[in-house]
Amino acid sequence: MDAYILPIIFIFLFAYCLKKKVNTYDTFVKGAKGAIPLVVEIFPYIATILVATTLLRVSGITNFLAQILSPIFHALGIPSELVELVLLRPFTGSGSYGILENIFSTYGADSYISRCACVIMGCSETIFYVATVYLSQTKVKKLLYAIPVALFCSLIGTIVACLVCKIM
Amino acid sequence: MLASMLVLLVANPAAMLSEMIAASTDALKLCIELCAVYAVWLGILELVDASGLGEKLAKLLRPLIKRIFKVEDEQTQRLIAMNVSANMLGIGNAATPLGIKSMQALDDGSGKANFAMIMLIVVNATSIQLLPTTVIGLRAAAGSAHPADIILPTLLATFVTTATGILLVHLIHNIFTKNGKKLAKK
């Protein structure tokens, strides 16, 4: 079912452009032209954030943090099996998908832990990545309260996720 | 970063440089993939804009965006409207270039994030997702009997997080401005 959504939207879009007499070829080219400069501009930011998160993971600091935080998370109703996912999720998208697959194979895709993990993935984002990439083309150096609020909301989301999965 | 370097120095000094370069290689690979993805999406988005659909979408979402982001500029409203819709449809790759453009439009050059920018980060970070397509796909691949039964719980959780985020940013912004610190004028 999902597979049809995007193609239908695209076909509708092209048909609509035809009706509005938009030159689709030239317009598409004009938009696509922006891709290379954009990626060249954001590459240094992506590289830096990936290097930093890799160092955090390889040095074992995340594991160490997971151990310290797991009683606190447990008190909030978050199973200790999910602590690593919750900790890495704000930093890395591909990394957290790796952890998710790991959880599937360890606990089974239909287990409570796996369903929780899915909902957590759905209601959170790679916060640090989003913030760095989005602001890479601006002069902003001070984010003020943006990151703490985003992290706090993710935590709320995680707690809600674990609760909802118990009921539904 | 420094802390993890210090720990690595003790634990496994040989791994440091190779891991850093491996991570940067990953970043390069990711960027090449992103470049291809952005080329398609930026092309599509240019069509959305040129055909006037972007304007229609913005009109639909304008009252909401005005309330939440307190943005008056119409061009910026349109960018934000498209960014938020892409996020809701779970097309993060289309949302990113739009997010970057929105941020550029919102930048006031003061070096500090203003209210609307913070709101955009928080809304994106708590991403309302109507269809968590990637997760469902992965779950189906892992042999789940009902891979889509996480849609409803996800909707609920994502709604709670986004609502909390919007409320918190408004609350903190109000506290700051009441204390006389004019953080965001937009």
# chains A, B, ... in the order shown; residues from 1 in each chain; ligands from 1
>>> residues_around(residues="Phe43 of chain A", least_positions_apart="5", cutoff="9 Å", atoms="only C-alpha atoms", output="list in words")
Leu38, Thr48 and Val133 of chain A; Ala27, Leu28, Leu30 and Cys31 of chain B
>>> residues_around(residues="Leu17 of chain B", least_positions_apart="4", cutoff="12 Å", atoms="only C-alpha atoms", output="ChimeraX atom specification")
/A:51,54-55,58 /B:5,8-9,12-13,21-24
>>> residues_around(residues="Leu155 of chain B", least_positions_apart="2", cutoff="8 Å", atoms="only C-alpha atoms", output="list of chain:residue names")
A:Cys123, B:Ile128, B:Gln129, B:Leu130, B:Ile151, B:Leu152, B:Pro153, B:Ala157, B:Thr158, B:Phe159
>>> closest_residue(among="A:Ala150, A:Ile11, A:Ile42, A:Ile167", to="chain B", atoms="only C-alpha atoms")
A:Ala150
>>> select_by_dssp(residues="segment 107-146 of chain B", states="alpha helix (DSSP H)", output="compact mmCIF listing (two decimals) with all heavy atoms, in the first residue's frame")
# COMPACT_ATOMS: atom_id res chain seq x y z
N PHE B 115 13.57 32.68 17.78
CA PHE B 115 12.44 31.85 18.19
C PHE B 115 12.01 30.86 17.11
O PHE B 115 11.89 29.66 17.35
CB PHE B 115 11.26 32.75 18.60
CG PHE B 115 10.00 32.00 18.85
CD1 PHE B 115 9.82 31.30 20.04
CD2 PHE B 115 8.99 31.97 17.90
CE1 PHE B 115 8.66 30.59 20.26
CE2 PHE B 115 7.83 31.27 18.12
CZ PHE B 115 7.66 30.57 19.31
N ALA B 116 11.82 31.38 15.88
CA ALA B 116 11.32 30.52 14.80
C ALA B 116 12.32 29.42 14.46
O ALA B 116 11.94 28.29 14.15
CB ALA B 116 11.01 31.36 13.56
N MET B 117 13.62 29.75 14.52
CA MET B 117 14.65 28.75 14.21
C MET B 117 14.63 27.63 15.25
O MET B 117 14.72 26.45 14.93
CB MET B 117 16.03 29.40 14.17
CG MET B 117 16.19 30.39 13.06
SD MET B 117 17.70 31.33 13.24
CE MET B 117 18.70 30.56 11.98
N ILE B 118 14.54 28.02 16.53
CA ILE B 118 14.49 27.03 17.59
C ILE B 118 13.27 26.15 17.42
O ILE B 118 13.34 24.92 17.52
CB ILE B 118 14.49 27.72 18.97
CG1 ILE B 118 15.82 28.44 19.18
CG2 ILE B 118 14.25 26.71 20.09
CD1 ILE B 118 15.90 29.23 20.45
N MET B 119 12.14 26.79 17.10
CA MET B 119 10.91 26.04 16.90
C MET B 119 11.06 25.05 15.75
O MET B 119 10.65 23.90 15.84
CB MET B 119 9.77 27.03 16.60
CG MET B 119 8.42 26.39 16.51
SD MET B 119 7.96 25.52 18.01
CE MET B 119 7.08 26.79 18.90
N LEU B 120 11.71 25.48 14.67
CA LEU B 120 11.89 24.60 13.52
C LEU B 120 12.77 23.40 13.89
O LEU B 120 12.48 22.26 13.49
CB LEU B 120 12.50 25.37 12.35
CG LEU B 120 12.45 24.67 11.00
CD1 LEU B 120 11.02 24.40 10.58
CD2 LEU B 120 13.14 25.49 9.92
N ILE B 121 13.81 23.65 14.66
CA ILE B 121 14.67 22.54 15.09
C ILE B 121 13.86 21.56 15.93
O ILE B 121 13.90 20.34 15.71
CB ILE B 121 15.88 23.04 15.90
CG1 ILE B 121 16.84 23.79 14.99
CG2 ILE B 121 16.61 21.88 16.58
CD1 ILE B 121 18.05 24.31 15.69
N VAL B 122 13.11 22.09 16.90
CA VAL B 122 12.36 21.21 17.80
C VAL B 122 11.28 20.44 17.04
O VAL B 122 11.12 19.24 17.22
CB VAL B 122 11.76 22.01 18.98
CG1 VAL B 122 10.81 21.16 19.79
CG2 VAL B 122 12.87 22.53 19.87
N VAL B 123 10.56 21.13 16.14
CA VAL B 123 9.52 20.44 15.37
C VAL B 123 10.13 19.34 14.50
O VAL B 123 9.61 18.23 14.40
CB VAL B 123 8.73 21.44 14.50
CG1 VAL B 123 7.87 20.71 13.48
CG2 VAL B 123 7.85 22.31 15.38
N ASN B 124 11.29 19.63 13.90
CA ASN B 124 11.95 18.61 13.09
C ASN B 124 12.51 17.49 13.94
O ASN B 124 12.50 16.33 13.54
CB ASN B 124 13.08 19.23 12.26
CG ASN B 124 12.58 19.72 10.93
OD1 ASN B 124 12.38 18.93 10.02
ND2 ASN B 124 12.34 21.01 10.83
N ALA B 125 13.03 17.85 15.12
CA ALA B 125 13.65 16.85 15.98
C ALA B 125 12.60 15.91 16.58
O ALA B 125 12.90 14.77 16.93
CB ALA B 125 14.43 17.53 17.10
N THR B 133 7.59 4.61 7.39
CA THR B 133 7.79 3.60 6.34
C THR B 133 9.05 2.75 6.53
O THR B 133 9.00 1.54 6.38
CB THR B 133 7.84 4.28 4.96
OG1 THR B 133 8.53 5.51 5.11
CG2 THR B 133 6.46 4.54 4.42
N THR B 134 10.16 3.42 6.86
CA THR B 134 11.43 2.69 6.97
C THR B 134 11.35 1.63 8.06
O THR B 134 11.73 0.48 7.86
CB THR B 134 12.58 3.66 7.29
OG1 THR B 134 12.42 4.82 6.50
CG2 THR B 134 13.91 3.02 7.00
N VAL B 135 10.83 2.04 9.22
CA VAL B 135 10.76 1.13 10.35
C VAL B 135 9.86 -0.07 10.02
O VAL B 135 10.20 -1.22 10.29
CB VAL B 135 10.25 1.87 11.61
CG1 VAL B 135 9.91 0.88 12.71
CG2 VAL B 135 11.30 2.85 12.09
N ILE B 136 8.70 0.21 9.40
CA ILE B 136 7.79 -0.89 9.03
C ILE B 136 8.49 -1.84 8.06
O ILE B 136 8.40 -3.06 8.20
CB ILE B 136 6.50 -0.32 8.40
CG1 ILE B 136 5.73 0.49 9.45
CG2 ILE B 136 5.61 -1.45 7.87
CD1 ILE B 136 4.50 1.17 8.91
N GLY B 137 9.21 -1.27 7.10
CA GLY B 137 9.94 -2.09 6.14
C GLY B 137 10.94 -3.00 6.82
O GLY B 137 10.99 -4.21 6.56
N LEU B 138 11.73 -2.42 7.73
CA LEU B 138 12.73 -3.20 8.44
C LEU B 138 12.06 -4.30 9.26
O LEU B 138 12.54 -5.44 9.33
CB LEU B 138 13.53 -2.30 9.39
CG LEU B 138 14.59 -1.42 8.75
CD1 LEU B 138 15.23 -0.52 9.79
CD2 LEU B 138 15.67 -2.29 8.10
N ARG B 139 10.93 -3.96 9.88
CA ARG B 139 10.26 -4.91 10.76
C ARG B 139 9.69 -6.08 9.93
O ARG B 139 9.76 -7.24 10.34
CB ARG B 139 9.13 -4.19 11.50
CG ARG B 139 8.61 -4.97 12.67
CD ARG B 139 7.99 -4.04 13.69
NE ARG B 139 7.38 -4.88 14.71
CZ ARG B 139 6.07 -4.95 14.91
NH1 ARG B 139 5.25 -4.25 14.17
NH2 ARG B 139 5.60 -5.74 15.86
N ALA B 140 9.14 -5.75 8.78
CA ALA B 140 8.62 -6.79 7.90
C ALA B 140 9.77 -7.71 7.47
O ALA B 140 9.62 -8.94 7.46
CB ALA B 140 7.95 -6.17 6.68
N ALA B 141 10.92 -7.09 7.16
CA ALA B 141 12.07 -7.88 6.74
C ALA B 141 12.55 -8.80 7.85
O ALA B 141 13.10 -9.87 7.59
CB ALA B 141 13.20 -6.96 6.29
>>> residues_around(residues="Lys166 of chain A", least_positions_apart="6", cutoff="12 Å", atoms="only C-alpha atoms", output="PyMOL selection string")
(chain A and resi 77-79+111-116+119+159-160) or (chain B and resi 150+153)
>>> closest_residue(among="A:Val39, A:Leu144, A:Cys162, A:Ile49", to="Ser80 of chain A", atoms="only C-alpha atoms")
A:Cys162
>>> atom_distance(atom1="atom CA of Phe91 of chain A", atom2="atom CA of Phe128 of chain A")
5.6 Å
